[in-house]
Amino acid sequence: QQHVLNLTVSDHDPIFLDDINKRSPTHWLPNTECINPLLQPVAGTYYGIYLLDVLEHISQVDEDLFIRNILSALDPQGSLVIGMPSLPSQQYASEKSRMGHVNCKSGDQLALLMKEYFSNVSIFSMNDEVVHTGYWDMSHYLFAVCTHLY
């Protein structure tokens with residue numbers, strides 16, 4: 001929050017937006033929007049969009065619509081960062097967690113998907129607090145940093 005001029009936090013459920021507003025310091029209070037990209041394109045123009053712990057909850061059938069509706073708001077020179085639990089890590093997740101994670105991906109799958117929309121896609125792995133470019137199949141979390149929107 002302290003490093004950008006404007007920050008907008010969005011979710012389809014207002015309860016999460018209310019929580020953000022309650023926990024944010026008043027001098028860093030973000031804009032909040034209740035939107036559902038499965039139902040409509042995102043309005044506005046953004047130079048950076050971060051989807052952390054989101055895509056794994058969107059069914060594979062709906063993922064293209066969801067991504068296109070998100071990218072409708074991304075400036076052509078902007079960047080998209082996606083973070084999600086890796087597919088291999090799901091064998092260690094709780095049953096409740098796995099029920100909500102309907103679309104986890106391997107590093108290769110995430111890279112392939114994002115290359116449908118961007119000419120530059122870099123995949124990073126994370127174990128504990130260490131972000132690296134190491135062996136994706138041993139990582140619990142993946143990041144895709146995407147630039148140069150087609």
# chains A, B, ... in the order shown; residues from 1 in each chain; ligands from 1
>>> select_by_dssp(residues="segment 11-133 of chain A", states="strand (DSSP E or B)", output="PyMOL selection string")
chain A and resi 11+31-34+46-52+74-86+105+118-127+130-132
>>> write_last_selection(atoms="C-alpha atoms", output="short mmCIF file (atom, residue, chain, number, x, y, z; two decimals), in the first residue's frame")
data_model
loop_
_atom_site.label_atom_id
_atom_site.label_comp_id
_atom_site.auth_asym_id
_atom_site.auth_seq_id
_atom_site.Cartn_x
_atom_site.Cartn_y
_atom_site.Cartn_z
CA ASP A 11 -13.47 -9.37 -4.18
CA ASN A 31 -10.22 1.69 -2.75
CA THR A 32 -12.48 -1.34 -2.58
CA GLU A 33 -14.70 -2.79 -5.29
CA CYS A 34 -17.13 -5.65 -5.04
CA TYR A 46 -4.66 -0.80 -13.94
CA TYR A 47 -0.90 -0.97 -14.38
CA GLY A 48 -0.54 -3.92 -12.07
CA ILE A 49 -3.01 -6.64 -11.19
CA TYR A 50 -2.29 -9.20 -8.49
CA LEU A 51 -4.31 -12.39 -8.21
CA LEU A 52 -2.99 -14.11 -5.13
CA LEU A 74 -4.91 -4.20 -17.57
CA ASP A 75 -2.98 -1.47 -19.36
CA PRO A 76 -1.09 -2.97 -22.36
CA GLN A 77 2.17 -1.98 -20.61
CA GLY A 78 0.98 -3.38 -17.28
CA SER A 79 1.91 -6.53 -15.41
CA LEU A 80 -0.09 -9.39 -13.95
CA VAL A 81 1.13 -11.44 -11.01
CA ILE A 82 -0.66 -14.67 -10.18
CA GLY A 83 0.08 -16.72 -7.09
CA MET A 84 -1.38 -20.10 -6.27
CA PRO A 85 -0.66 -23.33 -4.43
CA SER A 86 1.09 -25.77 -6.73
CA LYS A 105 -1.59 -26.11 -11.61
CA PHE A 118 1.25 -12.63 -22.55
CA SER A 119 4.49 -12.77 -24.50
CA ASN A 120 6.61 -12.72 -21.32
CA VAL A 121 5.83 -15.17 -18.53
CA SER A 122 8.23 -15.99 -15.71
CA ILE A 123 7.40 -18.70 -13.17
CA PHE A 124 8.80 -18.53 -9.66
CA SER A 125 8.50 -21.11 -6.90
CA MET A 126 8.12 -20.62 -3.19
CA ASN A 127 8.80 -22.86 -0.24
CA VAL A 130 11.98 -18.39 -0.05
CA VAL A 131 11.09 -17.40 -3.61
CA HIS A 132 13.26 -19.04 -6.24
#
>>> closest_atom_pairs(of="segment 110-148 of chain A", to="segment 99-104 of chain A", cutoff="10 Å", atoms="only C-alpha atoms", output="JSON lines")
{"residue": "A:Leu110", "atom": "CA", "partner": "A:Cys104", "partner_atom": "CA", "distance": 8.7}
{"residue": "A:Tyr141", "atom": "CA", "partner": "A:Cys104", "partner_atom": "CA", "distance": 9.8}
{"residue": "A:Leu142", "atom": "CA", "partner": "A:Cys104", "partner_atom": "CA", "distance": 9.7}
>>> write_last_selection(atoms="N, CA, C and O atoms", output="short mmCIF file (atom, residue, chain, number, x, y, z; two decimals), in the first residue's frame")
data_model
loop_
_atom_site.label_atom_id
_atom_site.label_comp_id
_atom_site.auth_asym_id
_atom_site.auth_seq_id
_atom_site.Cartn_x
_atom_site.Cartn_y
_atom_site.Cartn_z
N LEU A 110 0.82 -23.63 -15.47
CA LEU A 110 0.59 -22.20 -15.25
C LEU A 110 1.30 -21.37 -16.32
O LEU A 110 0.72 -20.43 -16.86
N TYR A 141 4.16 -23.32 -3.61
CA TYR A 141 3.44 -22.16 -4.13
C TYR A 141 4.14 -21.70 -5.40
O TYR A 141 5.36 -21.79 -5.51
N LEU A 142 3.36 -21.22 -6.34
CA LEU A 142 3.90 -20.74 -7.62
C LEU A 142 3.47 -19.30 -7.85
O LEU A 142 2.37 -18.90 -7.48
#
>>> select_by_dssp(residues="segment 58-133 of chain A", states="alpha helix (DSSP H)", output="number ranges by chain")
A: 63-71, 95-100, 107-114
>>> write_last_selection(atoms="N, CA and C atoms", output="CSV table (one decimal), in the first residue's frame")
chain,number,residue,atom,x,y,z
A,63,GLU,N,-12.0,-20.5,-16.5
A,63,GLU,CA,-10.8,-19.8,-16.3
A,63,GLU,C,-10.5,-18.8,-17.5
A,64,ASP,N,-10.8,-19.1,-18.7
A,64,ASP,CA,-10.6,-18.2,-19.8
A,64,ASP,C,-11.4,-16.9,-19.7
A,65,LEU,N,-12.7,-17.1,-19.4
A,65,LEU,CA,-13.6,-16.0,-19.2
A,65,LEU,C,-13.1,-15.1,-18.1
A,66,PHE,N,-12.8,-15.8,-17.0
A,66,PHE,CA,-12.3,-15.0,-15.8
A,66,PHE,C,-11.1,-14.2,-16.1
A,67,ILE,N,-10.1,-14.9,-16.7
A,67,ILE,CA,-8.8,-14.2,-17.1
A,67,ILE,C,-9.1,-13.0,-18.0
A,68,ARG,N,-9.9,-13.3,-19.1
A,68,ARG,CA,-10.1,-12.2,-20.1
A,68,ARG,C,-10.9,-11.0,-19.4
A,69,ASN,N,-11.8,-11.3,-18.5
A,69,ASN,CA,-12.5,-10.2,-17.8
A,69,ASN,C,-11.6,-9.4,-16.9
A,70,ILE,N,-10.6,-10.1,-16.3
A,70,ILE,CA,-9.6,-9.4,-15.5
A,70,ILE,C,-8.7,-8.6,-16.4
A,71,LEU,N,-8.2,-9.2,-17.5
A,71,LEU,CA,-7.2,-8.5,-18.4
A,71,LEU,C,-7.9,-7.3,-19.1
A,95,GLU,N,-8.1,-31.8,3.6
A,95,GLU,CA,-9.3,-32.2,2.7
A,95,GLU,C,-10.1,-30.9,2.4
A,96,LYS,N,-10.3,-30.1,3.5
A,96,LYS,CA,-11.1,-28.9,3.3
A,96,LYS,C,-10.5,-28.0,2.3
A,97,SER,N,-9.2,-27.8,2.4
A,97,SER,CA,-8.4,-27.0,1.5
A,97,SER,C,-8.5,-27.5,0.0
A,98,ARG,N,-8.4,-28.8,-0.1
A,98,ARG,CA,-8.4,-29.4,-1.5
A,98,ARG,C,-9.8,-29.2,-2.1
A,99,MET,N,-10.9,-29.2,-1.3
A,99,MET,CA,-12.2,-29.0,-1.8
A,99,MET,C,-12.4,-27.7,-2.5
A,100,GLY,N,-11.8,-26.6,-2.0
A,100,GLY,CA,-11.9,-25.3,-2.5
A,100,GLY,C,-10.9,-25.1,-3.7
A,107,GLY,N,3.9,-25.9,-12.4
A,107,GLY,CA,4.6,-24.7,-13.0
A,107,GLY,C,4.4,-24.7,-14.5
A,108,ASP,N,4.6,-25.8,-15.2
A,108,ASP,CA,4.4,-25.9,-16.6
A,108,ASP,C,3.0,-25.5,-17.1
A,109,GLN,N,2.0,-26.0,-16.3
A,109,GLN,CA,0.6,-25.7,-16.7
A,109,GLN,C,0.3,-24.2,-16.6
A,110,LEU,N,0.8,-23.6,-15.5
A,110,LEU,CA,0.6,-22.2,-15.2
A,110,LEU,C,1.3,-21.4,-16.3
A,111,ALA,N,2.5,-21.7,-16.7
A,111,ALA,CA,3.2,-21.0,-17.7
A,111,ALA,C,2.5,-21.1,-19.0
A,112,LEU,N,2.1,-22.3,-19.4
A,112,LEU,CA,1.4,-22.5,-20.7
A,112,LEU,C,0.1,-21.7,-20.7
A,113,LEU,N,-0.6,-21.7,-19.7
A,113,LEU,CA,-1.9,-21.0,-19.6
A,113,LEU,C,-1.6,-19.5,-19.8
A,114,MET,N,-0.7,-18.9,-19.1
A,114,MET,CA,-0.4,-17.5,-19.2
A,114,MET,C,0.2,-17.0,-20.5
>>> closest_residue(among="A:Gly44, A:Pro37, A:His3, A:Gln91", to="Asp62 of chain A", atoms="only C-alpha atoms")
A:Pro37
>>> atom_distance(atom1="atom CA of Trp28 of chain A", atom2="atom CA of Gln1 of chain A")
6.1 Å
>>> closest_residue(among="A:Gln40, A:Ser94, A:Thr147, A:Ser139", to="Ser106 of chain A", atoms="only C-alpha atoms")
A:Ser139
>>> closest_residue(among="A:Val42, A:Ile15, A:Leu5, A:Leu149", to="His27 of chain A", atoms="only C-alpha atoms")
A:Leu5
>>> closest_residue(among="A:Ala43, A:Leu7, A:Leu55, A:Ile20", to="Ala144 of chain A", atoms="only C-alpha atoms")
A:Leu55
>>> closest_residue(among="A:Thr45, A:Asp128, A:Gln2, A:Ala93", to="Ser72 of chain A", atoms="only C-alpha atoms")
A:Thr45
